[in-house]
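work_34.txt follows; it contains compact mmCIF, C-alpha atoms.
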```txt
# COMPACT_ATOMS: atom_id res chain seq x y z
CA MET A 1 -30.22 5.05 -2.87
CA ARG A 2 -32.10 6.68 0.01
CA ALA A 3 -32.43 3.40 1.93
CA SER A 4 -28.65 2.95 1.75
CA ARG A 5 -28.15 6.52 3.00
CA LEU A 6 -30.52 5.99 5.93
CA ILE A 7 -28.60 2.88 6.99
CA SER A 8 -25.33 4.82 6.69
CA LEU A 9 -26.75 7.60 8.88
CA VAL A 10 -27.71 5.12 11.62
CA LEU A 11 -24.32 3.41 11.47
CA LEU A 12 -22.56 6.79 11.71
CA LEU A 13 -24.52 7.66 14.85
CA GLN A 14 -23.74 4.22 16.29
CA SER A 15 -20.01 4.71 15.79
CA ARG A 16 -19.73 8.45 16.62
CA GLU A 17 -22.49 8.72 19.28
CA THR A 18 -23.27 12.41 18.55
CA MET A 19 -23.00 14.23 15.23
CA THR A 20 -24.28 17.59 14.02
CA ALA A 21 -26.34 18.00 10.86
CA ALA A 22 -23.33 19.66 9.22
CA GLU A 23 -21.06 16.71 10.08
CA LEU A 24 -23.61 14.23 8.78
CA SER A 25 -24.08 16.19 5.57
CA ARG A 26 -20.32 16.11 4.92
CA GLU A 27 -20.05 12.37 5.61
CA LEU A 28 -23.11 11.48 3.51
CA GLU A 29 -22.37 14.09 0.82
CA VAL A 30 -25.87 15.57 0.94
CA SER A 31 -27.32 18.90 2.05
CA GLU A 32 -28.25 19.61 5.68
CA ARG A 33 -31.89 19.87 4.57
CA THR A 34 -31.66 16.27 3.32
CA VAL A 35 -30.22 15.22 6.69
CA TYR A 36 -33.22 16.80 8.47
CA ARG A 37 -35.63 14.90 6.22
CA ASP A 38 -33.73 11.62 6.72
CA VAL A 39 -33.81 12.02 10.51
CA LEU A 40 -37.59 12.60 10.40
CA ALA A 41 -37.98 9.48 8.22
CA LEU A 42 -35.95 7.38 10.68
CA SER A 43 -37.98 8.65 13.63
CA ALA A 44 -41.21 7.81 11.80
CA ALA A 45 -39.85 4.28 11.19
CA GLY A 46 -39.22 3.78 14.91
CA VAL A 47 -35.48 4.47 15.07
CA PRO A 48 -34.94 6.50 18.29
CA VAL A 49 -32.98 9.48 16.92
CA TYR A 50 -32.85 12.38 19.38
CA ALA A 51 -31.75 15.96 18.68
CA ASP A 52 -29.78 17.79 21.39
CA ARG A 53 -30.09 21.57 21.14
CA GLY A 54 -27.36 24.12 21.78
CA ARG A 55 -23.77 24.76 20.78
CA SER A 56 -22.54 21.25 21.70
CA GLY A 57 -25.69 19.54 20.49
CA GLY A 58 -26.34 17.20 17.62
CA TYR A 59 -28.15 13.98 16.76
CA ARG A 60 -27.74 10.80 18.79
CA LEU A 61 -29.40 7.42 19.29
CA ILE A 62 -31.31 6.95 22.54
CA GLY A 63 -30.74 4.06 24.94
CA GLY A 64 -27.79 2.41 23.24
CA TYR A 65 -29.86 1.55 20.16
CA ARG A 66 -28.12 -0.83 17.77
CA THR A 67 -29.11 -2.10 14.36
CA ARG A 68 -28.31 -5.60 13.17
CA LEU A 69 -26.60 -6.12 9.81
CA THR A 70 -29.84 -7.09 8.09
CA GLY A 71 -29.50 -4.29 5.54
CA LEU A 72 -26.47 -5.82 3.81
CA THR A 73 -26.84 -7.01 0.25
CA ARG A 74 -25.10 -10.20 -0.88
CA ASP A 75 -22.45 -8.17 -2.73
CA GLU A 76 -21.78 -6.09 0.39
CA ALA A 77 -21.57 -9.14 2.66
CA GLU A 78 -19.13 -10.94 0.35
CA ALA A 79 -17.04 -7.79 -0.10
CA LEU A 80 -16.83 -7.50 3.70
CA PHE A 81 -15.17 -10.91 4.00
CA LEU A 82 -13.01 -10.23 0.94
CA THR A 83 -11.36 -7.34 2.81
CA GLY A 84 -9.93 -9.74 5.39
CA LEU A 85 -6.23 -10.54 4.99
CA PRO A 86 -5.66 -13.60 7.20
CA GLY A 87 -1.96 -13.94 6.35
CA PRO A 88 -0.85 -10.38 7.14
CA ALA A 89 -3.27 -10.21 10.08
CA GLY A 90 -1.65 -13.32 11.54
CA ASP A 91 1.81 -11.81 11.02
CA LEU A 92 0.69 -8.80 13.05
CA GLY A 93 -0.59 -10.99 15.89
CA LEU A 94 -4.23 -10.29 15.04
CA ALA A 95 -5.36 -13.70 13.78
CA ASP A 96 -7.57 -14.40 16.83
CA ALA A 97 -9.10 -10.92 16.72
CA VAL A 98 -9.92 -11.25 13.01
CA ALA A 99 -11.45 -14.70 13.49
CA SER A 100 -13.56 -13.43 16.41
CA ALA A 101 -14.75 -10.39 14.45
CA GLU A 102 -15.71 -12.56 11.46
CA LEU A 103 -17.73 -14.85 13.72
CA LYS A 104 -19.61 -11.88 15.18
CA VAL A 105 -20.36 -10.47 11.73
CA LEU A 106 -21.42 -13.91 10.53
CA ALA A 107 -23.80 -14.30 13.48
CA ALA A 108 -25.38 -10.92 12.70
CA LEU A 109 -26.03 -11.75 9.04
CA PRO A 110 -29.42 -13.07 7.97
CA PRO A 111 -29.43 -16.82 7.15
CA ALA A 112 -29.57 -16.21 3.39
CA LEU A 113 -26.14 -14.51 3.50
CA ARG A 114 -24.24 -16.78 5.89
CA ASP A 115 -22.54 -18.63 3.06
CA ALA A 116 -20.68 -15.41 2.12
CA PRO A 117 -17.29 -16.33 3.67
CA ALA A 118 -17.33 -19.79 2.06
CA ARG A 119 -18.18 -18.35 -1.37
CA VAL A 120 -15.38 -15.79 -1.09
CA GLY A 121 -12.84 -18.38 0.10
CA GLN A 122 -13.65 -20.63 -2.85
CA ARG A 123 -13.10 -17.82 -5.35
CA PHE A 124 -10.30 -15.57 -4.06
CA HIS A 125 -6.96 -16.12 -2.33
CA LEU A 126 -4.32 -13.54 -1.51
CA ASP A 127 -0.73 -14.81 -1.70
CA VAL A 128 1.24 -11.84 -0.37
CA PRO A 129 4.94 -12.89 -0.38
CA GLY A 130 6.87 -12.55 -3.62
CA TRP A 131 8.28 -15.52 -5.50
CA PHE A 132 11.44 -17.12 -4.07
CA ARG A 133 10.94 -15.24 -0.79
CA ASP A 134 10.74 -16.66 2.71
CA ALA A 135 7.14 -16.22 3.93
CA THR A 136 8.13 -16.31 7.62
CA PRO A 137 7.23 -12.95 9.24
CA PRO A 138 10.11 -10.90 10.69
CA PRO A 139 10.68 -11.76 14.39
CA TRP A 140 9.93 -8.25 15.72
CA LEU A 141 6.86 -7.57 13.56
CA ALA A 142 4.22 -8.41 16.19
CA GLU A 143 6.00 -6.34 18.86
CA LEU A 144 6.16 -3.35 16.53
CA ALA A 145 2.49 -3.80 15.63
CA ARG A 146 1.56 -3.64 19.34
CA ALA A 147 3.58 -0.43 19.70
CA VAL A 148 1.83 1.04 16.63
CA TRP A 149 -1.60 0.25 18.07
CA ARG A 150 -0.75 1.69 21.49
CA ASP A 151 1.24 4.74 20.30
CA ARG A 152 4.26 3.60 22.33
CA VAL A 153 7.77 4.96 21.75
CA VAL A 154 10.26 2.22 20.81
CA GLU A 155 14.03 1.93 20.68
CA LEU A 156 15.18 0.05 17.59
CA ARG A 157 18.48 -1.70 17.09
CA TYR A 158 18.70 -1.73 13.31
CA ARG A 159 21.11 -3.36 10.85
CA ARG A 160 22.42 -0.80 8.37
CA GLY A 161 24.97 -2.31 5.99
CA GLU A 162 27.76 -3.88 8.01
CA ARG A 163 26.94 -2.07 11.25
CA GLU A 164 24.10 -1.71 13.73
CA VAL A 165 22.54 1.57 14.79
CA VAL A 166 20.13 2.47 17.60
CA ARG A 167 17.17 4.77 16.96
CA ARG A 168 14.46 5.99 19.34
CA VAL A 169 11.32 6.46 17.23
CA GLU A 170 7.57 6.96 17.33
CA PRO A 171 6.05 4.10 15.28
CA TYR A 172 3.28 5.48 13.08
CA GLY A 173 2.42 2.55 10.86
CA LEU A 174 3.39 -0.67 9.11
CA VAL A 175 3.29 -1.21 5.34
CA LEU A 176 3.42 -4.55 3.50
CA LYS A 177 4.99 -4.13 0.05
CA SER A 178 5.73 -7.12 -2.22
CA GLY A 179 6.02 -9.47 0.76
CA VAL A 180 8.31 -7.12 2.74
CA TRP A 181 7.17 -5.31 5.91
CA TYR A 182 8.27 -1.70 6.48
CA LEU A 183 7.92 0.47 9.59
CA VAL A 184 7.12 4.15 9.06
CA ALA A 185 8.21 6.07 12.16
CA ARG A 186 8.88 9.61 13.30
CA VAL A 187 12.36 10.15 14.69
CA GLY A 188 12.23 11.38 18.26
CA ASP A 189 14.99 13.98 17.88
CA ALA A 190 14.79 17.67 17.06
CA THR A 191 14.17 17.03 13.34
CA ARG A 192 10.86 15.17 13.92
CA THR A 193 11.20 13.66 10.45
CA TYR A 194 9.56 10.48 9.21
CA ARG A 195 11.82 7.55 8.31
CA THR A 196 11.18 4.11 6.83
CA TYR A 197 12.80 0.94 8.21
CA ARG A 198 12.70 -2.61 6.83
CA VAL A 199 11.35 -4.74 9.65
CA ASP A 200 13.49 -7.76 8.69
CA ARG A 201 16.59 -5.65 9.45
CA VAL A 202 15.45 -4.85 12.99
CA VAL A 203 17.71 -6.74 15.42
CA ASP A 204 16.02 -5.78 18.69
CA VAL A 205 13.06 -3.73 19.94
CA LEU A 206 12.65 -2.14 23.37
CA THR A 207 9.12 -0.81 23.90
CA ALA A 208 8.99 2.09 26.35
CA GLU A 209 6.17 2.92 28.76
CA GLU A 210 6.19 6.39 27.22
CA THR A 211 3.49 7.20 24.66
CA PHE A 212 3.56 9.83 21.94
CA ASP A 213 0.96 12.25 20.59
CA ARG A 214 0.11 11.13 17.09
CA ASP A 215 -0.23 13.75 14.36
CA GLU A 216 -3.84 13.11 13.35
CA GLY A 217 -3.22 14.79 10.00
CA PHE A 218 -0.62 12.20 9.04
CA ASP A 219 -1.77 10.07 6.07
CA LEU A 220 0.11 6.76 6.02
CA GLY A 221 -1.03 5.81 2.51
CA GLY A 222 -0.20 9.22 1.06
CA HIS A 223 3.16 9.34 2.82
CA TRP A 224 4.11 5.88 1.54
CA HIS A 225 3.14 6.76 -2.02
CA ASP A 226 5.23 9.95 -1.95
CA GLN A 227 8.24 8.25 -0.36
CA ALA A 228 8.11 5.28 -2.74
CA GLU A 229 8.01 7.56 -5.78
CA ALA A 230 10.84 9.72 -4.40
CA PHE A 231 12.92 6.58 -3.75
CA LEU A 232 12.40 5.30 -7.29
CA ARG A 233 13.28 8.68 -8.77
CA SER A 234 16.41 8.89 -6.63
CA MET A 235 17.59 5.61 -8.15
CA GLN A 236 17.32 6.91 -11.72
CA ARG A 237 20.70 8.72 -11.86
CA ALA A 238 21.48 8.14 -15.53
CA GLU A 239 19.71 8.19 -18.88
CA VAL A 240 20.35 6.30 -22.10
CA GLY A 241 19.09 6.77 -25.66
CA VAL A 242 17.65 3.69 -27.36
CA ARG A 243 15.71 2.48 -30.37
CA LEU A 244 13.14 -0.14 -29.49
CA SER A 245 11.11 -2.51 -31.63
CA PRO A 246 7.46 -3.11 -30.66
CA ALA A 247 8.55 -6.41 -29.09
CA GLY A 248 11.39 -4.64 -27.26
CA LEU A 249 9.02 -2.06 -25.81
CA ARG A 250 6.74 -4.83 -24.53
CA ALA A 251 9.70 -6.76 -23.09
CA LEU A 252 10.99 -3.62 -21.36
CA ARG A 253 7.75 -3.35 -19.43
CA ARG A 254 8.29 -6.84 -17.97
CA ALA A 255 11.92 -6.26 -16.94
CA PRO A 256 12.22 -6.09 -13.11
CA GLU A 257 14.49 -2.99 -13.11
CA ALA A 258 12.46 -0.99 -15.63
CA PRO A 259 8.78 -0.56 -14.60
CA PHE A 260 9.27 2.98 -13.22
CA GLY A 261 11.43 4.13 -16.14
CA TYR A 262 9.15 2.36 -18.62
CA ALA A 263 6.37 4.91 -18.16
CA GLU A 264 8.74 7.82 -18.75
CA ALA A 265 10.35 6.08 -21.72
CA THR A 266 6.93 5.52 -23.28
CA ARG A 267 5.99 9.18 -22.83
CA ALA A 268 9.30 10.33 -24.34
CA ALA A 269 9.07 8.02 -27.36
CA GLY A 270 8.88 9.60 -30.79
CA GLU A 271 6.69 8.52 -33.68
CA PRO A 272 7.24 4.90 -34.83
CA ASP A 273 9.16 4.41 -38.06
CA GLY A 274 8.03 2.20 -40.92
CA ARG A 275 8.85 -0.97 -38.97
CA GLY A 276 7.26 0.26 -35.74
CA TRP A 277 10.56 1.08 -33.99
CA VAL A 278 10.65 4.12 -31.69
CA VAL A 279 13.47 6.31 -30.38
CA THR A 280 13.26 7.25 -26.68
CA ARG A 281 15.16 8.14 -23.51
CA LEU A 282 15.26 5.56 -20.72
CA PRO A 283 16.03 6.63 -17.11
CA VAL A 284 18.21 4.03 -15.36
CA GLU A 285 20.07 3.59 -12.10
CA SER A 286 23.48 3.46 -13.82
CA VAL A 287 25.13 2.60 -17.11
CA GLU A 288 26.08 -0.78 -15.62
CA VAL A 289 22.44 -1.55 -14.79
CA ALA A 290 21.40 -0.35 -18.25
CA TYR A 291 23.94 -2.71 -19.86
CA GLU A 292 22.52 -5.74 -18.02
CA LEU A 293 18.94 -4.67 -18.70
CA LEU A 294 19.32 -3.98 -22.41
CA LEU A 295 21.26 -7.18 -23.11
CA ARG A 296 18.14 -9.08 -22.12
CA LEU A 297 16.24 -7.43 -24.96
CA GLY A 298 18.66 -8.87 -27.51
CA PRO A 299 18.01 -7.76 -31.12
CA GLU A 300 14.90 -5.82 -30.10
CA VAL A 301 16.92 -2.79 -28.94
CA GLU A 302 19.68 -0.58 -30.34
CA VAL A 303 21.68 1.59 -27.93
CA LEU A 304 22.23 5.10 -29.29
CA ASP A 305 24.07 6.74 -26.40
CA PRO A 306 26.16 7.10 -24.31
CA PRO A 307 29.00 5.90 -26.57
CA GLU A 308 30.61 3.68 -23.91
CA LEU A 309 27.36 1.76 -23.42
CA ARG A 310 26.87 1.36 -27.18
CA GLU A 311 30.42 0.00 -27.47
CA ARG A 312 29.88 -2.49 -24.64
CA VAL A 313 26.64 -3.80 -26.12
CA ALA A 314 28.25 -3.99 -29.61
CA ASP A 315 31.14 -5.98 -28.14
CA ALA A 316 28.72 -8.38 -26.42
CA ALA A 317 26.81 -8.79 -29.70
CA ALA A 318 30.05 -9.54 -31.56
CA ARG A 319 31.01 -12.19 -29.05
CA LEU A 320 27.55 -13.76 -29.33
CA ALA A 321 27.86 -13.77 -33.13
CA ALA A 322 31.23 -15.53 -32.80
CA LEU A 323 29.68 -18.19 -30.59
CA TYR A 324 26.79 -18.83 -33.00
CA GLY A 325 28.53 -17.90 -36.27
CA GLY A 326 28.37 -21.26 -38.04
CA PRO A 327 29.35 -24.95 -38.07
CA GLY A 328 32.60 -25.55 -36.29
CA ASP A 329 32.67 -22.07 -34.76
CA GLY A 330 32.36 -21.39 -31.06
CA ALA A 331 33.95 -22.72 -27.90
CA GLN A 332 36.02 -25.89 -28.09
```
Before we go any further, please render this structure as structure tokens.
Amino acid sequence: MRASRLISLVLLLQSRETMTAAELSRELEVSERTVYRDVLALSAAGVPVYADRGRSGGYRLIGGYRTRLTGLTRDEAEALFLTGLPGPAGDLGLADAVASAELKVLAALPPALRDAPARVGQRFHLDVPGWFRDATPPPWLAELARAVWRDRVVELRYRRGEREVVRRVEPYGLVLKSGVWYLVARVGDATRTYRTYRVDRVVDVLTAEETFDRDEGFDLGGHWHDQAEAFLRSMQRAEVGVRLSPAGLRALRRAPEAPFGYAEATRAAGEPDGRGWVVTRLPVESVEVAYELLLRLGPEVEVLDPPELRERVADAAARLAALYGGPGDGAQ
């Protein structure tokens, strides 16, 4: 445990140049007294850690000291290569940079660990695009990625329904969700709000020479999570009452329109009856969507309300019964 912490301390000083004992204690999640002891241990081991005194002081490494990656365990080395996403990195125009970085890391590894990338490649593969989806990256993705890296303002020409709109935005980040790339950007008008744009609907991009000051407190992952949940909730404008068999409840979880509402339906479910059926409320986008969804569950669901949905499903069931009623029945 301590050896791992000492390596982390050295790597922090390599990347940050100068850090106070308080900053190191927060990063390493130890007390400042432990940091003092660790620094003394590193100095005794020959690592040139120097303490600058004064208000702007802190610990730093002397003479551009660098450590090689000889402290990595096999699990750590393999996990390092597992984090690489060659497909998305290539889409962003970073394939050469990723390959170069992997070569440098590979050269720094001790000989016993240099088979790490081959072992990972034989065991894991990330196939990002969804089924039945074109894997070709959107044409303006690489240009937007460059603007994101350089904090450059861009002017988007964007397809919205049947028309095109122009927006001047500050591109904060790119998100890959189920094979679709999204741009999260701050609108450059008085509202300064964050908007999300599907990159495959971008018709043209004009990158300006102007840069923007990034809000360092902005959390891309947290923002995306909140926006995605809000979007899903906004779609659930209706609610239906149903009785579900155990098989119906399992099938509901696999339905493409239902995963978000499935969790709420499960929480709202009452106690199972003698046959295991439960009564619950299911949030849905509309009664029409509910009709199409519940028909797929066949005899594993009974619609309780609203009455118009129950009548539609009953009518569909009657027509199915007529088709399969018996010998000689059905379409001619």
- Message: I'd like the interatomic distance between atom CA of Leu61 of chain A and atom CA of Ser15 of chain A, to a tenth of an Å.
- Response: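 Atom-to-atom, atom CA of Leu61 of chain A to atom CA of Ser15 of chain A, that is 10.4 Å.
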Near Val128 of chain A, within 12 Å and counting all atoms listed in the file, which residues show up once chain neighbours fewer than 6 positions away are dropped, as a CSV table (one decimal) with C-alpha atoms, in the frame of the given file?
```
chain,number,residue,atom,x,y,z
A,85,LEU,CA,-6.2,-10.5,5.0
A,86,PRO,CA,-5.7,-13.6,7.2
A,87,GLY,CA,-2.0,-13.9,6.4
A,88,PRO,CA,-0.8,-10.4,7.1
A,89,ALA,CA,-3.3,-10.2,10.1
A,91,ASP,CA,1.8,-11.8,11.0
A,134,ASP,CA,10.7,-16.7,2.7
A,135,ALA,CA,7.1,-16.2,3.9
A,136,THR,CA,8.1,-16.3,7.6
A,137,PRO,CA,7.2,-13.0,9.2
A,176,LEU,CA,3.4,-4.6,3.5
A,177,LYS,CA,5.0,-4.1,0.0
A,178,SER,CA,5.7,-7.1,-2.2
A,179,GLY,CA,6.0,-9.5,0.8
A,180,VAL,CA,8.3,-7.1,2.7
A,181,TRP,CA,7.2,-5.3,5.9
```
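Take the candidates A:Leu282, A:Val175, A:Ala238, A:Leu6 and check each one against Leu40 of chain A using only C-alpha atoms; the shortest distance goes to A:Leu6.
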May I have the protein, DNA and RNA residues with an atom at most 12 Å from (13.3, 4.3, 10.3), counting only C-alpha atoms in the file's coordinates, returned as a compact mmCIF listing (two decimals) with C-alpha atoms, keeping the file's coordinate frame?
```txt
# COMPACT_ATOMS: atom_id res chain seq x y z
CA VAL A 154 10.26 2.22 20.81
CA GLU A 155 14.03 1.93 20.68
CA LEU A 156 15.18 0.05 17.59
CA ARG A 157 18.48 -1.70 17.09
CA TYR A 158 18.70 -1.73 13.31
CA ARG A 159 21.11 -3.36 10.85
CA ARG A 160 22.42 -0.80 8.37
CA VAL A 165 22.54 1.57 14.79
CA VAL A 166 20.13 2.47 17.60
CA ARG A 167 17.17 4.77 16.96
CA ARG A 168 14.46 5.99 19.34
CA VAL A 169 11.32 6.46 17.23
CA GLU A 170 7.57 6.96 17.33
CA PRO A 171 6.05 4.10 15.28
CA TYR A 172 3.28 5.48 13.08
CA GLY A 173 2.42 2.55 10.86
CA LEU A 174 3.39 -0.67 9.11
CA TYR A 182 8.27 -1.70 6.48
CA LEU A 183 7.92 0.47 9.59
CA VAL A 184 7.12 4.15 9.06
CA ALA A 185 8.21 6.07 12.16
CA ARG A 186 8.88 9.61 13.30
CA VAL A 187 12.36 10.15 14.69
CA GLY A 188 12.23 11.38 18.26
CA ARG A 192 10.86 15.17 13.92
CA THR A 193 11.20 13.66 10.45
CA TYR A 194 9.56 10.48 9.21
CA ARG A 195 11.82 7.55 8.31
CA THR A 196 11.18 4.11 6.83
CA TYR A 197 12.80 0.94 8.21
CA ARG A 198 12.70 -2.61 6.83
CA VAL A 199 11.35 -4.74 9.65
CA ARG A 201 16.59 -5.65 9.45
CA VAL A 202 15.45 -4.85 12.99
```
- Nearest residue to Ala112 of chain A from the set A:Phe218, A:Tyr50, A:Arg74, A:Val278 (distances using all atoms listed in the file):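 When distances to Ala112 of chain A are compared using all atoms listed in the file, the smallest one comes from A:Arg74.
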- To one decimal in Å, tell me the separation between atom CA of Arg146 of chain A and atom CA of Leu94 of chain A. 9.8 Å
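Between atom CA of Gly64 of chain A and atom CA of Gln14 of chain A lies a distance of 8.2 Å.
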- Message: So, with only C-alpha atoms as the atoms that count, which of A:Leu320, A:Leu297, A:Ala228, A:Ala21 lies closest to Arg254 of chain A?
- Response: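 Closest to Arg254 of chain A, using only C-alpha atoms: A:Leu297.
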- Restricting the calculation to only C-alpha atoms, which member of A:Arg310, A:Arg66, A:Arg163, A:Arg233 is positioned closest to Pro283 of chain A?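 Under the stated criterion, the closest residue is A:Arg233.
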- Nearest to Gly241 of chain A, chosen from A:Gly161, A:Pro307, A:Pro48, A:Gly57, with all atoms listed in the file counted in the distances: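 Between A:Gly161, A:Pro307, A:Pro48, A:Gly57, the residue approaching Gly241 of chain A most closely is A:Pro307.
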- Message: Under the rule that all atoms listed in the file are counted, which of A:Gln236, A:Thr191, A:Gln227, A:Thr207 is the nearest residue to Ala290 of chain A?
- Response: A:Gln236
